[in-house]
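Engineer: Take a look at this one; I'll ask things after.
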Amino acid sequence: MALGRNISVSEASRPKLPRHARLKFDETRQVWVILAPERVLAPDEIAVEVLQLCDGVRSVADMVDQLAAKYAAPREAILTDVIAMLQDLADKGFLTEAREKTS
Amino acid sequence: MTDILADGKTASPAPSDGLAVLEQKRSTAETFGIPLAVLAELTHRCPLQCPYCSNPVELDRGSSELTTGEWKKVLSELAEIGVLQIHFSGGEPTARKDLVELVQHATDVELYSNLITSAVLLNREKLSALADAGLCHVQISFQGNEPIVADRVAGLKNAHEKKLEVAKWTRELDLPLTVNAVMHRQNLHQLRDIIQMAVDLDADRLEVANVQYYGWALKNRAALMPTLQQIEETSRIVEEAATRLKGILAIDYVVPDYYALRPKKCMGGWGRQFFNISPAGKVLPCHAAESITGLEFESVRSNHSIAWIWQNSEAFNRYRGTGWMPEPCKSCEFREIDFGGCRCQAFALTGDAGNTDPACTLSPRHEEIFKTAQREAAAHQDRFLYRNFAGGTLETEGEHGA
């Protein structure tokens with residue numbers, strides 16, 4: 001089984017979109033979309049903001065700090081929401097974790 | 001998060017439903033939603049001879065195919081009007097020498113590209129070049145889980161072994177892999193092993209697609225039609241595997257509609273969310289649409305834009321929405337659920353594409369179709385008519401075309 005399958009998202013995770021999932025702004029329909037094999041997903045505004053932070057370098061903890069500061073919101077609440085959202089994406093195969101190149 | 005491709009809705013909140021617009025008898029030109037994904041059939045040439053091929057029996061010759069320049073222009077135009085994904089298909093798309101160039105062009109105009117391939121013409125270098133050109137996803141067809149059945153169905157020696165090799169390279173290159181398994185009476189007994197093969201190949205998705213009876217498959221229906229018992233067993237196996245492999249392998253299951261109660265919402269409804277472009281450049285509501293005689297399909301070589309053809313051409317508007325429907329569809333509560341099923345199947349089985357698809361229990365022809373399926377499945381006429389440009393070649397005893 002490939003690395004990156006069945007990942008469990010935690011504060012320490014450094015998630016990123018896998019190469020087959022592309023976040024893109026659809027100019028024609030004026031919405032953000034995630035393009036994936038045989039799928040086009042429409043993430044909501046919050047999901048888009050979080051996904052734009054998923055660069056494989058930032059940890060979930062860093063992202064939550066950033067969002068908590070930006071929205072002056074309780075960190076715990078944001079953490080719960082962000083992990084739930086990312087885990088959902090991961091379960092669908094649209095999120096992976098940064099990994100060292102072994103080749 | 002909504003999956004807008006799978007459930008057939010366009011991404012725009014309003015006015016997203018081109019159908020509603022059509023039924024108000026307004027011009028569709030400004031508002032009809034452009035499909036999110038388009039199928040580009042680059043060629044009908046193919047080294048395989050599968051008897052269930054969904055290509056038309058009248059195949060487009062190599063000499064009629066769109067040129068590299070014409071395909072590039074098509075890809076640019078598609079991206080410009082709002083198409084997001086392009087499926088490179090065929091025939092065998094890798095039979096085109098310019099495939100890497102076309103994938104690169106799709107990447108340049110920001111189209112998400114899928115390759116739907118038999119894999120037998122690929123080598124590692126070629127696949128690597130496709131990945132470098134930005135290819136996003138590879139789908140490989142399999143005819144069985146081992147060479148005896150698989151190579152016989154494909155009508156090509158060593159095809160299965162080659163496919164396994166290419167599937168491994170695909171994952172080594174970190175490309176997502178879909179295994180497409182077309183199922184019928186003569187390979188359904190391998191389904192469990194095919195599912196395991198997909199897991200072993202580290203595929204992300206498996207399509208278990210029962211044969212749909214158009215084109216070559218319709219000619220081979222008697223050799224392919226499963227028994228009702230096989231179908232019941234298949235549904236059980238798929239259901240069990242889908243649960244067991246959740247998070248490991250996504251399984252899409254296409255049921256055979258001859259045994260169904262409700263017809264399929266074919267193509268999400270005629271001209272609602274999908275079109276494909278044939279090797280010679282015809283813009284079609286589905287890949288089998290040319291089997292319907294009496295419909296004129298416009299070409300990308302005409303002086304019309306693709307958007308104009310989608311929105312205004314007679315062929316697309318002929319069976320759009322519900323206005324064309326006769327009874328029992330017209331007053332049916334499911335008319336906007338399944339749009340009367342499949343036009344090509346209605347044409348193939350009743351001679352009129354405007355009839356209710358006989359797959360529907362409400363069709364007056366349903367009982368007859370169901371009985372035909374059962375009779376053909378029981379008769380065990382197992383010889384294939386192999387797909388080729390010569391109108392097909394009947395399988396010979398002991399030779400199996402492979």
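In the structure tokens, chains take the letters A, B, ... in the order shown, each chain's residues start at 1, and ligands count up from 1 in the order shown.
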Taking only C-alpha atoms into account, report as a PDB file with N, CA and C atoms, in the first residue's frame which residues of chain A lie within 8 Å of chain B.
Structural biologist:
```pdb
ATOM      1  N   MET A   1       0.843  -1.208   0.000  1.00  0.00           N
ATOM      2  CA  MET A   1       0.000   0.000   0.000  1.00  0.00           C
ATOM      3  C   MET A   1       0.871   1.247   0.000  1.00  0.00           C
ATOM      4  N   ALA A   2       0.491   2.206  -0.776  1.00  0.00           N
ATOM      5  CA  ALA A   2       1.301   3.423  -0.919  1.00  0.00           C
ATOM      6  C   ALA A   2       1.345   4.200   0.385  1.00  0.00           C
ATOM      7  N   ARG A   5      -1.651   6.817   2.051  1.00  0.00           N
ATOM      8  CA  ARG A   5      -3.030   6.324   2.106  1.00  0.00           C
ATOM      9  C   ARG A   5      -3.449   6.254   3.562  1.00  0.00           C
ATOM     10  N   ASN A   6      -4.715   6.482   3.809  1.00  0.00           N
ATOM     11  CA  ASN A   6      -5.252   6.314   5.157  1.00  0.00           C
ATOM     12  C   ASN A   6      -4.525   7.166   6.190  1.00  0.00           C
ATOM     13  N   ARG A  19      -0.483  15.036  -6.177  1.00  0.00           N
ATOM     14  CA  ARG A  19      -0.345  15.632  -7.519  1.00  0.00           C
ATOM     15  C   ARG A  19      -1.619  15.468  -8.352  1.00  0.00           C
ATOM     16  N   HIS A  20      -2.439  14.468  -8.022  1.00  0.00           N
ATOM     17  CA  HIS A  20      -3.641  14.270  -8.821  1.00  0.00           C
ATOM     18  C   HIS A  20      -4.831  15.094  -8.342  1.00  0.00           C
ATOM     19  N   ASP A  26     -11.931  28.488 -10.914  1.00  0.00           N
ATOM     20  CA  ASP A  26     -12.609  28.325 -12.193  1.00  0.00           C
ATOM     21  C   ASP A  26     -13.160  29.690 -12.623  1.00  0.00           C
ATOM     22  N   GLU A  27     -12.476  30.275 -13.599  1.00  0.00           N
ATOM     23  CA  GLU A  27     -12.831  31.634 -14.042  1.00  0.00           C
ATOM     24  C   GLU A  27     -14.243  31.685 -14.630  1.00  0.00           C
ATOM     25  N   THR A  28     -14.627  30.625 -15.359  1.00  0.00           N
ATOM     26  CA  THR A  28     -15.930  30.618 -16.020  1.00  0.00           C
ATOM     27  C   THR A  28     -17.065  30.657 -15.009  1.00  0.00           C
ATOM     28  N   ARG A  29     -16.948  29.836 -13.962  1.00  0.00           N
ATOM     29  CA  ARG A  29     -18.037  29.720 -12.991  1.00  0.00           C
ATOM     30  C   ARG A  29     -17.796  30.547 -11.736  1.00  0.00           C
ATOM     31  N   GLN A  30     -16.608  31.191 -11.673  1.00  0.00           N
ATOM     32  CA  GLN A  30     -16.246  32.029 -10.537  1.00  0.00           C
ATOM     33  C   GLN A  30     -16.334  31.299  -9.204  1.00  0.00           C
ATOM     34  N   VAL A  31     -15.812  30.072  -9.173  1.00  0.00           N
ATOM     35  CA  VAL A  31     -15.738  29.309  -7.923  1.00  0.00           C
ATOM     36  C   VAL A  31     -14.401  28.576  -7.863  1.00  0.00           C
ATOM     37  N   LEU A  35      -9.785  19.605  -8.650  1.00  0.00           N
ATOM     38  CA  LEU A  35      -9.867  18.656  -9.755  1.00  0.00           C
ATOM     39  C   LEU A  35      -9.165  17.368  -9.344  1.00  0.00           C
ATOM     40  N   PRO A  37      -9.235  12.717 -10.163  1.00  0.00           N
ATOM     41  CA  PRO A  37      -9.667  11.751 -11.180  1.00  0.00           C
ATOM     42  C   PRO A  37     -11.183  11.545 -11.182  1.00  0.00           C
ATOM     43  N   GLU A  38     -11.816  11.849 -12.296  1.00  0.00           N
ATOM     44  CA  GLU A  38     -13.256  11.660 -12.480  1.00  0.00           C
ATOM     45  C   GLU A  38     -14.096  12.465 -11.491  1.00  0.00           C
ATOM     46  N   ARG A  39     -13.489  13.458 -10.851  1.00  0.00           N
ATOM     47  CA  ARG A  39     -14.217  14.235  -9.854  1.00  0.00           C
ATOM     48  C   ARG A  39     -13.909  15.711  -9.998  1.00  0.00           C
ATOM     49  N   VAL A  40     -14.904  16.526  -9.742  1.00  0.00           N
ATOM     50  CA  VAL A  40     -14.678  17.954  -9.541  1.00  0.00           C
ATOM     51  C   VAL A  40     -15.386  18.311  -8.247  1.00  0.00           C
ATOM     52  N   LEU A  41     -14.624  18.760  -7.252  1.00  0.00           N
ATOM     53  CA  LEU A  41     -15.213  19.099  -5.963  1.00  0.00           C
ATOM     54  C   LEU A  41     -15.297  20.602  -5.819  1.00  0.00           C
ATOM     55  N   ALA A  42     -16.312  21.060  -5.102  1.00  0.00           N
ATOM     56  CA  ALA A  42     -16.468  22.482  -4.857  1.00  0.00           C
ATOM     57  C   ALA A  42     -16.260  22.769  -3.373  1.00  0.00           C
ATOM     58  N   PRO A  43     -15.040  23.111  -2.960  1.00  0.00           N
ATOM     59  CA  PRO A  43     -14.789  23.416  -1.552  1.00  0.00           C
ATOM     60  C   PRO A  43     -15.408  24.766  -1.171  1.00  0.00           C
ATOM     61  N   ASP A  44     -15.840  24.880   0.082  1.00  0.00           N
ATOM     62  CA  ASP A  44     -16.381  26.183   0.504  1.00  0.00           C
ATOM     63  C   ASP A  44     -15.218  27.133   0.832  1.00  0.00           C
ATOM     64  N   ASP A  91      -9.607  11.109   3.798  1.00  0.00           N
ATOM     65  CA  ASP A  91     -10.340   9.846   3.646  1.00  0.00           C
ATOM     66  C   ASP A  91     -10.794   9.655   2.206  1.00  0.00           C
ATOM     67  N   LYS A  92     -11.040  10.760   1.517  1.00  0.00           N
ATOM     68  CA  LYS A  92     -11.452  10.672   0.116  1.00  0.00           C
ATOM     69  C   LYS A  92     -10.244  10.556  -0.822  1.00  0.00           C
ATOM     70  N   GLY A  93      -9.054  10.632  -0.272  1.00  0.00           N
ATOM     71  CA  GLY A  93      -7.852  10.483  -1.092  1.00  0.00           C
ATOM     72  C   GLY A  93      -7.378  11.776  -1.729  1.00  0.00           C
TER      73      GLY A  93
END
```
Engineer: Could you pull out the residues in chain A that DSSP calls helix (DSSP H, G or I) from the backbone, as a PyMOL selection string?
Structural biologist: chain A and resi 45-53+60-71+75-91
Engineer: Would you list the contacts of Ile194 of chain B as a VMD selection string, taking every protein, DNA or RNA residue within 10 Å and counting only C-alpha atoms, but skipping same-chain residues closer than 5 positions in sequence?
Structural biologist: chain B and resid 142 to 146 179 to 181 187 to 189 199 to 200 206 208
Engineer: Which residues are near segment 353-358 of chain B? Cut-off 8 Å, only C-alpha atoms, ignore same chain within fewer than 2 positions. Put them as a list in words.
Structural biologist: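 Final neighbour list, sorted by chain and number: Pro263, Ile292, Tyr319, Trp324, Met325, Pro326, Glu327, Pro328, Cys329, Gly340, Gly341, Cys342, Arg343, Cys344, Gln345, Ala346, Phe347, Ala348, Leu349, Thr350, Gly351, Cys360, Thr361, Leu362, Ser363, Pro364, Arg365, His366 and Ile369 of chain B.
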Engineer: Which residues, written as an MDAnalysis selection string, have at least one atom at most 12 Å from Thr67 of chain B, with only C-alpha atoms counted and residues fewer than 6 positions away on the same chain left out?
Structural biologist: chainID B and resid 42:43 73:74 96:99 101:102 279:281 300:301
Engineer: Dump C-alpha atoms for the selected residues as a PDB file, in the first residue's frame?
Structural biologist:
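Output (result.pdb):
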```pdb
ATOM      1  CA  LEU B  42      -8.156  10.801 -30.402  1.00  0.00           C
ATOM      2  CA  THR B  43      -8.299   7.777 -32.680  1.00  0.00           C
ATOM      3  CA  LYS B  73      -7.024  24.280 -31.126  1.00  0.00           C
ATOM      4  CA  VAL B  74      -9.879  22.158 -29.711  1.00  0.00           C
ATOM      5  CA  ARG B  96      -1.282   8.791 -31.676  1.00  0.00           C
ATOM      6  CA  LYS B  97       2.378   9.782 -32.034  1.00  0.00           C
ATOM      7  CA  ASP B  98       1.556  13.278 -30.800  1.00  0.00           C
ATOM      8  CA  LEU B  99       0.028  12.269 -27.451  1.00  0.00           C
ATOM      9  CA  GLU B 101       2.447  17.037 -27.236  1.00  0.00           C
ATOM     10  CA  LEU B 102      -1.339  17.034 -26.718  1.00  0.00           C
ATOM     11  CA  PRO B 279     -11.497  11.097 -33.945  1.00  0.00           C
ATOM     12  CA  ALA B 280     -12.787  12.908 -37.031  1.00  0.00           C
ATOM     13  CA  GLY B 281     -13.951  15.878 -34.958  1.00  0.00           C
ATOM     14  CA  VAL B 300     -15.144  21.060 -34.873  1.00  0.00           C
ATOM     15  CA  ARG B 301     -14.032  21.471 -38.498  1.00  0.00           C
TER      16      ARG B 301
END
```
Engineer: With only C-alpha atoms as the counted atoms, please give the residues lying no more than 10 Å from segment 13-17 of chain A, apart from itself and same-chain residues fewer than 2 positions off, as a ChimeraX atom specification.
Structural biologist: /A:4,7-11,19-23,34,51-63,83,86,89-90,93-99
Engineer: Would you pick out the contacts of Tyr213 of chain B at 8 Å or less, using only C-alpha atoms, so that residues sharing its chain but fewer than 3 positions from it are not included, and give the list as a PyMOL selection string?
Structural biologist: chain B and resi 52+54+216-218+221+345
Engineer: Return the single residue from B:Thr227, B:Asn158, B:Thr396, B:Ser235 that is closest to Thr372 of chain B, with distances computed using only C-alpha atoms.
Structural biologist: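 Closest to Thr372 of chain B of all the choices is B:Thr227.
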Engineer: Measuring between only C-alpha atoms, which one of B:Arg192, B:Ser313, B:Met197, B:Gly268 shows the shortest distance to Ala241 of chain B?
Structural biologist: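 Nearest candidate to Ala241 of chain B out of B:Arg192, B:Ser313, B:Met197, B:Gly268: B:Arg192.
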